[in-house]
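Chemist: Take this structure first; my questions come after.
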Amino acid sequence: MSGSKRALITGITGQDGSYLAELLLDKGYEVFGLTRRLSATNYWRIEHILDRVTLLPGDLLDQLSLIKVLEKVRPHELYNLAAMSFVPASWDQPMLTGEFNAQGVTRVLEAVRQVDPKIKMYQASSSEMFGKVREIPQRETTPFYPRSPYGVTKAFSHYITVNYRESYDLFAVSGILFNHESPRRGLEFVTRKVTDGVAKIKLGHAKTLGLGNLDAHRDWGFAGDYVRAMWLMLQQPSPDDFVVATGESHSVRELVEIAFGHAGLDWERHVKLDPAFLRPAEVDHLIGDASKARKELNWQPSVTFDGLVKMMVDEDLRRIAKSL
């Protein structure tokens, strides 16, 4: 192994994994990614850096594969971003969500403990753990009340990370990240669904866009900003957990208004409410207090909500126009 710092990213092919890999490469890291064996590869987010990262097969459902990868790479830092991350799907597959998001995290922690307890580990927690919020805004000390199988599994993974940190003296931290989006977000997520829908309508590929609850509020930031906070957490003298958020809350309706307006469209002529997109239990008002991260990590977001939505619309317009 070379003398540079080595980082292992699970979920490297996802939105956050791709931005984090870019950040670490820019900082001179040797970057390794854990990838599941799939019948079709899903590398579109990291195609531009494939020649600079090393991908290794492994799976959060397979303890032995995790141990083997850690023994081979001997990373200084491990970022566990792999998860069943689409909240609505967690009602359809609650057991599998638990296997990945709860037991999978335990397997990663146990592999670190067995192979090298000096590995610094970042665990991706989620604002969905707050669910039916007990206070506004939500901070590190706010009690959890998850409202989806996804949120419940993330609460488990959060507490098992704290438990391993306190039981085995691991440098293991959890980032409680509020919603963070980008042009690399999956099409099933509401932000990307909206910006992709706007681009298709603008370019004549569609006439309407079906959406669920327009009054749900979220604290949306740019994924590229949020991966910087992940890295900063592992550079601290001691491990701790941090909320990462913009501190601003916006409704799905605002998202729709900005996205359609940016493309010169009247959203009310195209958006149709579809009950199929309503959640069994809704999370109404998530807004984060990231003052601890601002103070201790010297972190702050650089992209505004307005700028984020317009960036995503522009990218989807470019992508769809190119495919014509």
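For the structure tokens, the naming scheme is as follows: chains receive sequential letters (A, B, ...) according to their order of presentation, residues are indexed from 1 within each chain, and ligands are indexed from 1 in presentation order.
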Determine, counting only C-alpha atoms, which protein, DNA and RNA residues have an atom within 8 Å of an atom of Leu255 (chain A); residues of the same chain fewer than 6 positions away are not included. Present the result as an MDAnalysis selection string.
Modeler: chainID A and resid 191 194 309
Chemist: Write down as a PyMOL selection string the residues belonging to region 53-154 of chain A that are assigned helix (DSSP H, G or I) by DSSP computed on the backbone.
Modeler: chain A and resi 63-73+89-92+94-115+127-129+149-154
Chemist: What are the nearest atom pairs, with distances in Å to one decimal, for all residues of region 169-238 of chain A that come at most 10 Å from region 132-148 of chain A, using only C-alpha atoms, set out by chain and rising residue number as a Markdown table?
Modeler:
| residue | atom | partner | partner_atom | distance |
| --- | --- | --- | --- | --- |
| A:Gly175 | CA | A:Glu140 | CA | 9.7 |
| A:Ile176 | CA | A:Glu140 | CA | 7.8 |
| A:Phe178 | CA | A:Gln138 | CA | 9.9 |
Chemist: Those residues you just picked out, can you put them in a file as a CSV table (one decimal), in the first residue's frame with C-alpha atoms?
Modeler:
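Contents of result-v8.csv, freshly written:
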chain,number,residue,atom,x,y,z
A,175,GLY,CA,-23.8,12.3,10.6
A,176,ILE,CA,-27.5,13.1,11.0
A,178,PHE,CA,-31.1,16.2,6.5
Chemist: Need to verify the contact set: region 201-210 of chain A, 9 Å, only C-alpha atoms, exclusion of same-chain residues closer than 6 positions in sequence. Can you return it as a list in words?
Modeler: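 Residues meeting the cut-off are Lys193, Val194, Phe260, Ala263, Gly264, Leu265, Arg269, His270, Val271, Lys272, Leu273, Asp274, Phe277, Leu317, Ile320 and Ala321 of chain A.
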Chemist: Kindly export the residues of the current selection with N, CA, C and O atoms, as a PDB file, in the first residue's frame.
Modeler:
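Below you can see out.pdb, which holds the result:
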ATOM      1  N   LYS A 193     -37.498  13.846  -9.258  1.00  0.00           N
ATOM      2  CA  LYS A 193     -38.725  13.546  -9.997  1.00  0.00           C
ATOM      3  C   LYS A 193     -39.311  14.835 -10.566  1.00  0.00           C
ATOM      4  O   LYS A 193     -39.769  14.886 -11.707  1.00  0.00           O
ATOM      5  N   VAL A 194     -39.282  15.890  -9.758  1.00  0.00           N
ATOM      6  CA  VAL A 194     -39.807  17.183 -10.194  1.00  0.00           C
ATOM      7  C   VAL A 194     -38.938  17.787 -11.294  1.00  0.00           C
ATOM      8  O   VAL A 194     -39.436  18.199 -12.348  1.00  0.00           O
ATOM      9  N   PHE A 260     -40.583  24.699 -12.049  1.00  0.00           N
ATOM     10  CA  PHE A 260     -41.381  25.022 -13.246  1.00  0.00           C
ATOM     11  C   PHE A 260     -41.128  26.460 -13.689  1.00  0.00           C
ATOM     12  O   PHE A 260     -41.015  26.741 -14.887  1.00  0.00           O
ATOM     13  N   ALA A 263     -38.090  27.010 -15.761  1.00  0.00           N
ATOM     14  CA  ALA A 263     -38.210  26.557 -17.160  1.00  0.00           C
ATOM     15  C   ALA A 263     -39.276  27.349 -17.911  1.00  0.00           C
ATOM     16  O   ALA A 263     -39.604  27.012 -19.059  1.00  0.00           O
ATOM     17  N   GLY A 264     -39.830  28.380 -17.256  1.00  0.00           N
ATOM     18  CA  GLY A 264     -40.836  29.208 -17.928  1.00  0.00           C
ATOM     19  C   GLY A 264     -42.181  28.524 -18.071  1.00  0.00           C
ATOM     20  O   GLY A 264     -42.923  28.787 -19.036  1.00  0.00           O
ATOM     21  N   LEU A 265     -42.513  27.642 -17.125  1.00  0.00           N
ATOM     22  CA  LEU A 265     -43.769  26.891 -17.181  1.00  0.00           C
ATOM     23  C   LEU A 265     -44.665  27.239 -15.994  1.00  0.00           C
ATOM     24  O   LEU A 265     -44.183  27.597 -14.927  1.00  0.00           O
ATOM     25  N   ARG A 269     -50.724  24.054 -14.386  1.00  0.00           N
ATOM     26  CA  ARG A 269     -51.267  23.462 -15.622  1.00  0.00           C
ATOM     27  C   ARG A 269     -50.765  22.029 -15.829  1.00  0.00           C
ATOM     28  O   ARG A 269     -51.322  21.294 -16.649  1.00  0.00           O
ATOM     29  N   HIS A 270     -49.718  21.644 -15.105  1.00  0.00           N
ATOM     30  CA  HIS A 270     -49.082  20.343 -15.375  1.00  0.00           C
ATOM     31  C   HIS A 270     -49.064  19.369 -14.200  1.00  0.00           C
ATOM     32  O   HIS A 270     -48.994  18.157 -14.404  1.00  0.00           O
ATOM     33  N   VAL A 271     -49.109  19.867 -12.974  1.00  0.00           N
ATOM     34  CA  VAL A 271     -48.997  18.976 -11.805  1.00  0.00           C
ATOM     35  C   VAL A 271     -50.355  18.394 -11.441  1.00  0.00           C
ATOM     36  O   VAL A 271     -51.342  19.124 -11.285  1.00  0.00           O
ATOM     37  N   LYS A 272     -50.410  17.079 -11.303  1.00  0.00           N
ATOM     38  CA  LYS A 272     -51.623  16.365 -10.899  1.00  0.00           C
ATOM     39  C   LYS A 272     -51.359  15.663  -9.570  1.00  0.00           C
ATOM     40  O   LYS A 272     -50.333  14.990  -9.411  1.00  0.00           O
ATOM     41  N   LEU A 273     -52.280  15.828  -8.629  1.00  0.00           N
ATOM     42  CA  LEU A 273     -52.132  15.147  -7.338  1.00  0.00           C
ATOM     43  C   LEU A 273     -52.519  13.689  -7.494  1.00  0.00           C
ATOM     44  O   LEU A 273     -53.582  13.359  -8.027  1.00  0.00           O
ATOM     45  N   ASP A 274     -51.636  12.809  -7.041  1.00  0.00           N
ATOM     46  CA  ASP A 274     -51.845  11.366  -7.178  1.00  0.00           C
ATOM     47  C   ASP A 274     -51.757  10.714  -5.798  1.00  0.00           C
ATOM     48  O   ASP A 274     -50.677  10.679  -5.199  1.00  0.00           O
ATOM     49  N   PHE A 277     -48.902   8.422  -4.340  1.00  0.00           N
ATOM     50  CA  PHE A 277     -47.606   8.893  -3.853  1.00  0.00           C
ATOM     51  C   PHE A 277     -47.651   9.378  -2.409  1.00  0.00           C
ATOM     52  O   PHE A 277     -46.661   9.898  -1.889  1.00  0.00           O
ATOM     53  N   LEU A 317     -32.477  19.277 -18.137  1.00  0.00           N
ATOM     54  CA  LEU A 317     -32.733  19.816 -19.484  1.00  0.00           C
ATOM     55  C   LEU A 317     -31.593  19.449 -20.428  1.00  0.00           C
ATOM     56  O   LEU A 317     -31.824  19.023 -21.570  1.00  0.00           O
ATOM     57  N   ILE A 320     -31.660  15.498 -21.159  1.00  0.00           N
ATOM     58  CA  ILE A 320     -32.737  15.047 -22.032  1.00  0.00           C
ATOM     59  C   ILE A 320     -32.563  15.611 -23.442  1.00  0.00           C
ATOM     60  O   ILE A 320     -32.778  14.909 -24.441  1.00  0.00           O
ATOM     61  N   ALA A 321     -32.136  16.866 -23.557  1.00  0.00           N
ATOM     62  CA  ALA A 321     -31.894  17.464 -24.881  1.00  0.00           C
ATOM     63  C   ALA A 321     -30.811  16.695 -25.634  1.00  0.00           C
ATOM     64  O   ALA A 321     -30.885  16.508 -26.863  1.00  0.00           O
TER      65      ALA A 321
END
Chemist: I'd like the contact shell of Val256 (chain A) - 9 Å cut-off, only C-alpha atoms, skipping same-chain residues fewer than 2 positions apart - returned as a list in words.
Modeler: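 Near neighbours after the sequence-gap exclusion: Thr191, Val194, Thr195, Val198, Leu214, Ser251, Val252, Arg253, Glu254, Ile258, Ala259, Phe260, Gly261, Trp267 and Val271 of chain A.
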Chemist: With distances taken over only C-alpha atoms, which residue among A:Tyr79, A:Phe100, A:Trp91, A:Phe32 lies nearest Arg6 (chain A)?
Modeler: A:Phe32
Chemist: Measuring atom to atom with only C-alpha atoms, identify which of A:Glu128, A:Asp241, A:Glu110, A:Asp51 is nearest to Ile67 (chain A).
Modeler: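 Smallest distance to Ile67 (chain A) is found for A:Glu110.
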Chemist: Could you check how far CA of Asn80 (chain A) sits from CA of Ile9 (chain A), in Å to one decimal?
Modeler: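 We find that CA of Asn80 (chain A) and CA of Ile9 (chain A) lie 6.1 Å from each other.
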Chemist: May I ask for the distance between CA of Tyr150 (chain A) and CA of Thr97 (chain A), given in Å to one decimal place?
Modeler: 6.6 Å
Chemist: Find, counting only C-alpha atoms, the residue in A:Lys68, A:His285, A:His217, A:Lys5 that gets nearest to Val190 (chain A).
Modeler: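 For Val190 (chain A), the nearest of the candidates is A:His217.
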Chemist: Which residues are near Ala124 (chain A)? Cut-off 10 Å, only C-alpha atoms, ignore same chain within fewer than 2 positions. Put them as JSON, numbers by chain.
Modeler: {"A": [16, 79, 80, 81, 82, 83, 101, 105, 121, 122, 126, 154, 157, 158, 173, 174, 175, 176, 177, 230]}
Chemist: Which is closest to Ile119 (chain A) among A:Ala7, A:Val243, A:Val69, A:Leu25, if we use only C-alpha atoms?
Modeler: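 Smallest separation from Ile119 (chain A) among the options: A:Ala7.
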